[in-house]
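Coordinates as given in work.txt (compact mmCIF, C-alpha atoms):
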```txt
# COMPACT_ATOMS: atom_id res chain seq x y z
CA MET A 194 -15.68 7.92 20.51
CA GLY A 195 -15.14 4.40 21.77
CA LEU A 196 -14.99 1.29 19.61
CA THR A 197 -15.05 1.53 15.83
CA ILE A 198 -14.89 -1.01 13.02
CA GLY A 199 -12.40 -0.99 10.19
CA VAL A 200 -13.18 -2.78 6.94
CA ASP A 201 -10.53 -3.98 4.48
CA ILE A 202 -11.83 -4.92 1.02
CA GLY A 203 -9.52 -7.51 -0.49
CA GLY A 204 -9.62 -9.37 -3.78
CA THR A 205 -10.71 -12.63 -2.18
CA LYS A 206 -12.08 -11.63 1.23
CA ILE A 207 -13.57 -8.69 3.10
CA ALA A 208 -12.33 -8.35 6.67
CA ALA A 209 -13.96 -6.27 9.40
CA GLY A 210 -12.40 -5.71 12.80
CA VAL A 211 -13.40 -3.98 16.02
CA VAL A 212 -10.60 -1.58 17.01
CA ASP A 213 -10.15 0.32 20.27
CA GLU A 214 -8.56 3.74 20.83
CA GLU A 215 -5.09 2.19 21.20
CA GLY A 216 -5.28 0.50 17.80
CA ARG A 217 -5.88 -2.98 19.22
CA ILE A 218 -8.10 -5.33 17.23
CA LEU A 219 -10.62 -6.90 19.60
CA SER A 220 -12.52 -9.13 17.17
CA THR A 221 -12.67 -9.82 13.44
CA HIS A 222 -15.05 -11.31 10.94
CA LYS A 223 -14.28 -12.24 7.33
CA VAL A 224 -16.51 -13.02 4.38
CA PRO A 225 -15.67 -13.93 0.76
CA THR A 226 -15.49 -11.03 -1.69
CA PRO A 227 -18.48 -11.32 -4.07
CA PRO A 228 -18.04 -10.85 -7.83
CA THR A 229 -20.51 -7.96 -8.14
CA ALA A 230 -20.33 -4.37 -6.91
CA GLU A 231 -23.74 -4.58 -5.20
CA GLY A 232 -22.82 -7.88 -3.62
CA ILE A 233 -19.77 -6.27 -2.07
CA VAL A 234 -21.96 -3.75 -0.26
CA ASP A 235 -24.00 -6.61 1.21
CA ALA A 236 -20.80 -8.44 2.16
CA ILE A 237 -19.44 -5.37 3.94
CA ALA A 238 -22.64 -5.18 5.97
CA ALA A 239 -22.37 -8.88 6.83
CA ALA A 240 -18.72 -8.52 7.91
CA VAL A 241 -19.56 -5.50 10.08
CA SER A 242 -22.46 -7.37 11.68
CA GLY A 243 -20.30 -10.38 12.43
CA ALA A 244 -17.43 -8.37 13.91
CA SER A 245 -19.65 -6.14 16.03
CA GLU A 246 -21.34 -8.99 17.87
CA GLY A 247 -20.99 -8.35 21.61
CA HIS A 248 -19.57 -4.83 21.14
CA GLN A 249 -21.01 -1.33 21.19
CA ILE A 250 -19.82 0.26 17.94
CA ASP A 251 -19.82 3.99 17.22
CA ALA A 252 -18.74 4.19 13.57
CA VAL A 253 -17.34 2.25 10.61
CA GLY A 254 -14.34 3.05 8.41
CA ILE A 255 -13.89 1.39 5.01
CA GLY A 256 -10.62 1.12 3.10
CA ALA A 257 -11.35 0.87 -0.62
CA ALA A 258 -8.90 0.62 -3.51
CA GLY A 259 -9.52 3.51 -5.87
CA TYR A 260 -10.26 7.21 -5.91
CA VAL A 261 -12.41 8.39 -3.00
CA ASP A 262 -13.93 11.88 -3.12
CA ASP A 263 -13.07 14.77 -0.80
CA LYS A 264 -16.10 14.06 1.41
CA ARG A 265 -14.88 10.49 2.00
CA ALA A 266 -18.26 9.21 0.83
CA THR A 267 -18.12 8.25 -2.85
CA VAL A 268 -15.73 5.93 -4.68
CA LEU A 269 -15.15 7.88 -7.87
CA PHE A 270 -13.30 5.05 -9.58
CA ALA A 271 -12.10 1.61 -8.53
CA PRO A 272 -9.70 -0.32 -10.77
CA ASN A 273 -10.78 -3.83 -9.74
CA ILE A 274 -14.46 -3.31 -8.89
CA ASN A 275 -17.09 -1.85 -11.18
CA TRP A 276 -17.52 1.26 -9.01
CA ARG A 277 -17.93 4.53 -10.86
CA HIS A 278 -19.15 7.37 -8.60
CA GLU A 279 -20.37 4.71 -6.18
CA PRO A 280 -22.12 6.27 -3.12
CA LEU A 281 -20.56 3.67 -0.82
CA LYS A 282 -20.97 5.64 2.41
CA ASP A 283 -24.73 6.07 1.95
CA LYS A 284 -25.30 2.47 0.89
CA VAL A 285 -23.39 0.96 3.81
CA GLU A 286 -24.92 3.37 6.34
CA GLN A 287 -28.38 2.25 5.22
CA ARG A 288 -27.44 -1.35 5.92
CA VAL A 289 -25.52 -1.04 9.19
CA GLY A 290 -27.23 1.93 10.83
CA LEU A 291 -23.93 3.55 11.83
CA PRO A 292 -21.88 6.55 10.60
CA VAL A 293 -19.50 5.45 7.84
CA VAL A 294 -16.26 6.95 6.53
CA VAL A 295 -14.78 5.74 3.23
CA GLU A 296 -11.06 6.14 2.57
CA ASN A 297 -8.58 4.99 -0.05
CA ASP A 298 -7.03 1.77 1.24
CA ALA A 299 -3.42 3.01 0.96
CA ASN A 300 -4.34 6.19 2.83
CA ALA A 301 -5.97 4.09 5.54
CA ALA A 302 -2.87 1.90 5.84
CA ALA A 303 -0.63 4.97 6.00
CA TRP A 304 -2.74 6.44 8.78
CA GLY A 305 -2.64 3.15 10.70
CA GLU A 306 1.17 3.06 10.52
CA TYR A 307 1.43 6.72 11.50
CA ARG A 308 -0.85 6.36 14.50
CA PHE A 309 0.06 2.91 15.81
CA GLY A 310 3.04 1.57 13.87
CA ALA A 311 6.38 2.72 12.52
CA GLY A 312 5.28 6.35 12.21
CA GLN A 313 4.80 6.97 15.91
CA GLY A 314 6.88 9.94 17.03
CA HIS A 315 6.92 11.52 13.56
CA ASP A 316 4.84 14.51 12.46
CA ASP A 317 5.70 14.25 8.75
CA VAL A 318 5.59 10.79 7.19
CA ILE A 319 5.30 9.45 3.65
CA CYS A 320 4.17 5.85 3.31
CA ILE A 321 4.53 3.64 0.27
CA THR A 322 3.10 0.16 -0.14
CA LEU A 323 5.06 -2.19 -2.37
CA GLY A 324 2.53 -4.85 -3.16
CA THR A 325 1.17 -6.11 -6.45
CA GLY A 326 1.11 -2.41 -7.36
CA LEU A 327 2.46 0.66 -5.58
CA GLY A 328 0.33 2.86 -3.33
CA GLY A 329 1.00 5.54 -0.79
CA GLY A 330 -0.15 8.05 1.77
CA ILE A 331 0.91 11.50 2.94
CA ILE A 332 0.88 12.68 6.55
CA ILE A 333 2.22 16.21 6.96
CA GLY A 334 1.82 18.20 10.16
CA ASN A 335 0.05 15.23 11.78
CA LYS A 336 -2.72 15.33 9.18
CA LEU A 337 -3.60 12.97 6.36
CA ARG A 338 -3.25 15.03 3.18
CA ARG A 339 -5.76 13.93 0.57
CA GLY A 340 -5.65 16.88 -1.86
CA ARG A 341 -8.49 19.13 -2.92
CA PHE A 342 -10.45 16.35 -4.62
CA GLY A 343 -9.43 13.52 -2.28
CA VAL A 344 -7.23 11.60 -4.71
CA ALA A 345 -3.69 12.63 -3.74
CA ALA A 346 -0.79 10.20 -3.13
CA GLU A 347 -1.34 7.97 -6.16
CA PHE A 348 2.43 7.57 -6.19
CA GLY A 349 2.37 4.41 -8.26
CA HIS A 350 1.18 6.39 -11.27
CA ILE A 351 3.87 9.04 -11.27
CA ARG A 352 5.54 8.62 -14.66
CA VAL A 353 9.22 7.87 -14.07
CA VAL A 354 10.08 6.68 -17.60
CA PRO A 355 8.67 8.74 -20.50
CA ASP A 356 7.02 6.37 -22.98
CA GLY A 357 8.02 3.47 -20.74
CA LEU A 358 6.20 0.26 -19.92
CA LEU A 359 2.44 0.25 -20.39
CA CYS A 360 0.62 0.43 -17.05
CA GLY A 361 -2.78 -0.99 -16.17
CA CYS A 362 -3.99 2.58 -15.65
CA GLY A 363 -3.52 3.23 -19.38
CA SER A 364 -0.44 5.42 -19.04
CA GLN A 365 3.17 4.50 -19.75
CA GLY A 366 6.25 4.46 -17.53
CA CYS A 367 4.44 4.56 -14.18
CA TRP A 368 6.55 4.03 -11.06
CA GLU A 369 4.68 0.87 -10.10
CA GLN A 370 5.82 -0.78 -13.33
CA TYR A 371 9.36 -0.60 -11.96
CA ALA A 372 8.89 -0.89 -8.18
CA SER A 373 6.20 -3.42 -7.23
CA GLY A 374 5.57 -7.13 -6.85
CA ARG A 375 4.70 -7.39 -10.53
CA ALA A 376 7.96 -5.68 -11.46
CA LEU A 377 9.94 -8.05 -9.21
CA VAL A 378 8.51 -11.09 -11.00
CA ARG A 379 9.26 -9.54 -14.38
CA TYR A 380 12.87 -8.83 -13.40
CA ALA A 381 13.35 -12.39 -12.17
CA LYS A 382 11.87 -13.95 -15.29
CA GLN A 383 13.99 -11.79 -17.58
CA ARG A 384 17.18 -12.61 -15.70
CA ALA A 385 16.41 -16.30 -15.34
CA ASN A 386 15.73 -16.51 -19.07
CA ALA A 387 19.01 -14.76 -19.90
CA THR A 388 21.23 -16.65 -17.42
CA PRO A 389 19.45 -19.80 -16.18
CA GLU A 390 22.74 -21.04 -14.70
CA ASN A 391 22.46 -18.19 -12.14
CA ALA A 392 18.87 -19.11 -11.25
CA THR A 393 19.14 -22.78 -10.33
CA ILE A 394 17.64 -22.35 -6.87
CA LEU A 395 14.90 -20.06 -8.16
CA LEU A 396 13.90 -22.40 -10.97
CA SER A 397 13.90 -25.41 -8.65
CA LEU A 398 11.29 -23.81 -6.41
CA GLY A 399 8.74 -23.56 -9.22
CA ASP A 400 8.03 -25.97 -12.01
CA GLY A 401 11.52 -25.67 -13.45
CA THR A 402 10.50 -23.15 -16.11
CA VAL A 403 10.86 -19.39 -16.28
CA ASP A 404 7.09 -19.01 -16.72
CA GLY A 405 6.58 -20.86 -13.43
CA ILE A 406 8.41 -18.24 -11.35
CA GLU A 407 6.20 -16.55 -8.72
CA GLY A 408 6.88 -13.87 -6.14
CA LYS A 409 7.11 -16.36 -3.29
CA HIS A 410 9.78 -18.29 -5.17
CA ILE A 411 11.90 -15.16 -5.61
CA SER A 412 11.77 -14.44 -1.88
CA GLN A 413 12.71 -18.00 -0.94
CA ALA A 414 15.53 -18.14 -3.49
CA ALA A 415 16.94 -14.75 -2.47
CA ARG A 416 17.14 -15.90 1.15
CA GLN A 417 19.19 -18.86 -0.10
CA GLY A 418 21.53 -16.59 -2.07
CA ASP A 419 20.27 -17.29 -5.58
CA PRO A 420 22.06 -14.65 -7.75
CA VAL A 421 19.10 -13.91 -10.03
CA ALA A 422 16.66 -13.57 -7.14
CA VAL A 423 19.01 -11.29 -5.17
CA ASP A 424 19.71 -9.14 -8.24
CA SER A 425 15.97 -8.85 -8.95
CA PHE A 426 15.37 -7.45 -5.46
CA ARG A 427 18.24 -5.02 -5.98
CA GLU A 428 16.72 -3.78 -9.23
CA LEU A 429 13.35 -3.22 -7.57
CA ALA A 430 15.09 -1.45 -4.67
CA ARG A 431 17.01 0.80 -7.07
CA TRP A 432 13.77 2.10 -8.53
CA ALA A 433 12.03 2.32 -5.16
CA GLY A 434 14.86 4.29 -3.55
CA ALA A 435 15.15 6.68 -6.48
CA GLY A 436 11.41 7.35 -6.22
CA LEU A 437 11.72 8.07 -2.50
CA ALA A 438 14.45 10.59 -3.27
CA ASP A 439 12.02 12.40 -5.59
CA LEU A 440 9.32 12.33 -2.90
CA ALA A 441 11.83 13.79 -0.42
CA SER A 442 12.24 16.76 -2.77
CA LEU A 443 8.48 17.23 -2.76
CA PHE A 444 7.55 16.63 0.89
CA ASP A 445 10.75 16.60 3.00
CA PRO A 446 9.39 14.10 5.57
CA SER A 447 11.28 12.88 8.61
CA ALA A 448 10.48 9.28 7.71
CA PHE A 449 9.43 7.04 4.85
CA ILE A 450 7.53 3.93 5.86
CA VAL A 451 7.72 1.04 3.42
CA GLY A 452 4.92 -1.51 3.64
CA GLY A 453 3.20 -4.03 1.40
CA GLY A 454 4.01 -7.64 0.65
CA VAL A 455 7.42 -6.94 -0.90
CA SER A 456 8.57 -5.18 2.28
CA ASP A 457 7.94 -8.37 4.27
CA GLU A 458 11.42 -9.43 3.15
CA GLY A 459 12.88 -6.90 5.60
CA GLU A 460 16.49 -5.87 5.15
CA LEU A 461 16.80 -7.94 1.98
CA VAL A 462 14.90 -5.15 0.26
CA LEU A 463 15.10 -2.25 2.74
CA ASP A 464 18.88 -2.01 2.87
CA PRO A 465 19.25 -1.58 -0.91
CA ILE A 466 16.30 0.84 -0.94
CA ARG A 467 18.13 2.99 1.62
CA LYS A 468 21.31 2.89 -0.46
CA SER A 469 19.45 3.90 -3.60
CA PHE A 470 17.64 6.66 -1.72
CA ARG A 471 20.94 8.12 -0.52
CA ARG A 472 22.42 7.76 -4.01
CA TRP A 473 19.68 9.77 -5.70
CA LEU A 474 18.81 12.30 -2.98
CA ILE A 475 19.60 15.75 -4.35
CA GLY A 476 22.11 17.50 -2.11
CA GLY A 477 22.23 14.39 0.01
CA GLU A 478 25.75 15.09 1.21
CA TRP A 479 24.65 18.35 2.81
CA ARG A 480 21.06 17.82 4.00
CA PRO A 481 19.39 15.70 6.70
CA HIS A 482 18.18 12.31 5.51
CA ALA A 483 14.73 10.95 6.22
CA GLN A 484 14.66 7.55 7.86
CA VAL A 485 13.48 4.65 5.71
CA LEU A 486 11.54 2.36 8.04
CA ALA A 487 9.78 -0.96 7.70
CA ALA A 488 6.04 -0.93 8.30
CA GLN A 489 5.09 -2.63 11.55
CA LEU A 490 1.39 -3.47 11.24
CA GLY A 491 1.58 -5.67 8.16
CA GLY A 492 -1.76 -6.58 6.63
CA LYS A 493 -3.63 -5.08 9.60
CA ALA A 494 -2.61 -1.48 8.81
CA GLY A 495 -5.51 -0.68 6.50
CA LEU A 496 -8.16 -2.10 8.81
CA VAL A 497 -6.73 -0.35 11.89
CA GLY A 498 -6.26 2.92 10.01
CA ALA A 499 -9.78 2.90 8.57
CA ALA A 500 -11.23 2.29 12.05
CA ASP A 501 -9.23 5.17 13.50
CA LEU A 502 -10.23 7.53 10.69
CA ALA A 503 -13.87 6.66 11.45
CA ARG A 504 -13.16 7.62 15.05
CA GLN A 505 -11.77 10.98 13.92
CA GLY A 506 -15.03 11.59 12.04
```
How does this structure look as structure tokens?
Amino acid sequence: MGLTIGVDIGGTKIAAGVVDEEGRILSTHKVPTPPTAEGIVDAIAAAVSGASEGHQIDAVGIGAAGYVDDKRATVLFAPNINWRHEPLKDKVEQRVGLPVVVENDANAAAWGEYRFGAGQGHDDVICITLGTGLGGGIIIGNKLRRGRFGVAAEFGHIRVVPDGLLCGCGSQGCWEQYASGRALVRYAKQRANATPENATILLSLGDGTVDGIEGKHISQAARQGDPVAVDSFRELARWAGAGLADLASLFDPSAFIVGGGVSDEGELVLDPIRKSFRRWLIGGEWRPHAQVLAAQLGGKAGLVGAADLARQG
């Protein structure tokens, strides 16, 4: 197969990109994300049409947030779109006239990193995305492992604290409540409220109030040495690293790849994640340690991975 298109469905925009066999994006086209489920299908078709102009396209891969069935055709459930058993593959194929593959967006991003990013050279890789929530993907033996029903690697909803914080999924104590962008903001607000004298830089970057603290402020303040901001990143990293240690007991990969918006802070968050991982790794003194690597493709990973999965068929 030659050129394929990857589609990334975001909260505010839908991006489509033409991707070659080396993972290079040759052209892109973006459209606003509509408010309705049916409108999103039309928008995907429009994005594919715009990106494909001037190119011969063989297939389309779509990264969608939610549970995608084992045939990579139907979105069983999407948390932010009113899709319940949505036959997305069939609907988009009817509009674009090309073969379509649908994949969970975190799985697509994991595959992109494995094929063209930080995972190159590894056969067994676990990816986690630390964004607003926490997602993931499993590549073992050079294959994307989706589980019998297609919904494996929902790492963010592993319960790490019995009867812990209420999660948007309806459960309590999910990992993403302790290791995600939302968790980072919560940690910063709690600490700034308790010791505002240690958050002077952080508070000055917002509106001066605890309620005005946003993720971008925490990153900026941490880079300037603000104690509350730095400690908030450390708390997130403690939970993230401990979770990776549990995943090592399950999968024993040679590498963990950490992506998502939080990971954009580089060693500010990765170094303490590595320390926490080593701290909680069972038998860590006597066993080989997986590498903990920063994702390399950034926001392009899902689009590139979806396109490559379409190429695989």
- Task: List every protein, DNA or RNA residue that has an atom no more than 12 Å from (-18.3, -3.6, 0.8) in the file's coordinate frame, counting only C-alpha atoms, and report them as a ChimeraX atom specification.
- Result: /A:199-204,206-209,223-241,253-258,268,274,276,279-286,288-289,293,295
Output C-alpha atoms of each residue in that selection to a file, as a short mmCIF file (atom, residue, chain, number, x, y, z; two decimals), keeping the file's coordinate frame.
```cif
data_model
loop_
_atom_site.label_atom_id
_atom_site.label_comp_id
_atom_site.auth_asym_id
_atom_site.auth_seq_id
_atom_site.Cartn_x
_atom_site.Cartn_y
_atom_site.Cartn_z
CA GLY A 199 -12.40 -0.99 10.19
CA VAL A 200 -13.18 -2.78 6.94
CA ASP A 201 -10.53 -3.98 4.48
CA ILE A 202 -11.83 -4.92 1.02
CA GLY A 203 -9.52 -7.51 -0.49
CA GLY A 204 -9.62 -9.37 -3.78
CA LYS A 206 -12.08 -11.63 1.23
CA ILE A 207 -13.57 -8.69 3.10
CA ALA A 208 -12.33 -8.35 6.67
CA ALA A 209 -13.96 -6.27 9.40
CA LYS A 223 -14.28 -12.24 7.33
CA VAL A 224 -16.51 -13.02 4.38
CA PRO A 225 -15.67 -13.93 0.76
CA THR A 226 -15.49 -11.03 -1.69
CA PRO A 227 -18.48 -11.32 -4.07
CA PRO A 228 -18.04 -10.85 -7.83
CA THR A 229 -20.51 -7.96 -8.14
CA ALA A 230 -20.33 -4.37 -6.91
CA GLU A 231 -23.74 -4.58 -5.20
CA GLY A 232 -22.82 -7.88 -3.62
CA ILE A 233 -19.77 -6.27 -2.07
CA VAL A 234 -21.96 -3.75 -0.26
CA ASP A 235 -24.00 -6.61 1.21
CA ALA A 236 -20.80 -8.44 2.16
CA ILE A 237 -19.44 -5.37 3.94
CA ALA A 238 -22.64 -5.18 5.97
CA ALA A 239 -22.37 -8.88 6.83
CA ALA A 240 -18.72 -8.52 7.91
CA VAL A 241 -19.56 -5.50 10.08
CA VAL A 253 -17.34 2.25 10.61
CA GLY A 254 -14.34 3.05 8.41
CA ILE A 255 -13.89 1.39 5.01
CA GLY A 256 -10.62 1.12 3.10
CA ALA A 257 -11.35 0.87 -0.62
CA ALA A 258 -8.90 0.62 -3.51
CA VAL A 268 -15.73 5.93 -4.68
CA ILE A 274 -14.46 -3.31 -8.89
CA TRP A 276 -17.52 1.26 -9.01
CA GLU A 279 -20.37 4.71 -6.18
CA PRO A 280 -22.12 6.27 -3.12
CA LEU A 281 -20.56 3.67 -0.82
CA LYS A 282 -20.97 5.64 2.41
CA ASP A 283 -24.73 6.07 1.95
CA LYS A 284 -25.30 2.47 0.89
CA VAL A 285 -23.39 0.96 3.81
CA GLU A 286 -24.92 3.37 6.34
CA ARG A 288 -27.44 -1.35 5.92
CA VAL A 289 -25.52 -1.04 9.19
CA VAL A 293 -19.50 5.45 7.84
CA VAL A 295 -14.78 5.74 3.23
#
```
- Task: Would you mind telling me which residue in A:Asn300, A:Gln365, A:Thr325, A:Ser456 lies nearest to A:Ala346 when using all atoms listed in the file?
- Result: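 When distances to A:Ala346 are compared using all atoms listed in the file, the smallest one comes from A:Asn300.
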- Grab the atom CA of A:Asn335 to atom CA of A:Gly476 distance for me, in Å with one decimal place. 26.2 Å
- Pairwise distance for atom CA of A:Ala494 and atom CA of A:Ala303, rounded to one decimal in Å: 7.3 Å
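The shell of residues at most 12 Å from A:Lys409, with only C-alpha atoms counted and near chain neighbours (fewer than 5 positions) removed, consists of Gly374, Arg375, Leu377, Val378, Ala381, Leu395, Leu396, Leu398, Gly399, Ala414, Ala415, Arg416, Ala422, Gly454, Val455, Asp457 and Glu458 of chain A.
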Within 10 Å of A:Arg427 using only C-alpha atoms, minus same-chain residues under 2 positions, as a JSON list (two decimals) with C-alpha atoms, in the coordinates of the input:
```json
[["chain", "number", "residue", "atom", "x", "y", "z"],
["A", 377, "LEU", "CA", 9.94, -8.05, -9.21],
["A", 380, "TYR", "CA", 12.87, -8.83, -13.40],
["A", 421, "VAL", "CA", 19.10, -13.91, -10.03],
["A", 422, "ALA", "CA", 16.66, -13.57, -7.14],
["A", 423, "VAL", "CA", 19.01, -11.29, -5.17],
["A", 424, "ASP", "CA", 19.71, -9.14, -8.24],
["A", 425, "SER", "CA", 15.97, -8.85, -8.95],
["A", 429, "LEU", "CA", 13.35, -3.22, -7.57],
["A", 430, "ALA", "CA", 15.09, -1.45, -4.67],
["A", 431, "ARG", "CA", 17.01, 0.80, -7.07],
["A", 432, "TRP", "CA", 13.77, 2.10, -8.53],
["A", 433, "ALA", "CA", 12.03, 2.32, -5.16],
["A", 461, "LEU", "CA", 16.80, -7.94, 1.98],
["A", 462, "VAL", "CA", 14.90, -5.15, 0.26],
["A", 463, "LEU", "CA", 15.10, -2.25, 2.74],
["A", 464, "ASP", "CA", 18.88, -2.01, 2.87],
["A", 465, "PRO", "CA", 19.25, -1.58, -0.91],
["A", 466, "ILE", "CA", 16.30, 0.84, -0.94],
["A", 469, "SER", "CA", 19.45, 3.90, -3.60]]
```
- At what distance in Å, to one decimal, does atom CA of A:His315 lie from atom CA of A:Arg480? 18.2 Å
- Message: Restricting the calculation to all atoms listed in the file: of A:Glu215, A:Gly363, A:Ser447, A:Ile332, which residue gets closest to A:Pro272?
- Response: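 Once distances to A:Pro272 are computed over all atoms listed in the file, the minimum belongs to A:Gly363.
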- Task: Excluding A:Lys336 and residues on its chain fewer than 5 positions from it, collect all residues at most 9 Å away from it, counting only C-alpha atoms, and give them as a ChimeraX atom specification.
- Result: /A:304,316-317,331
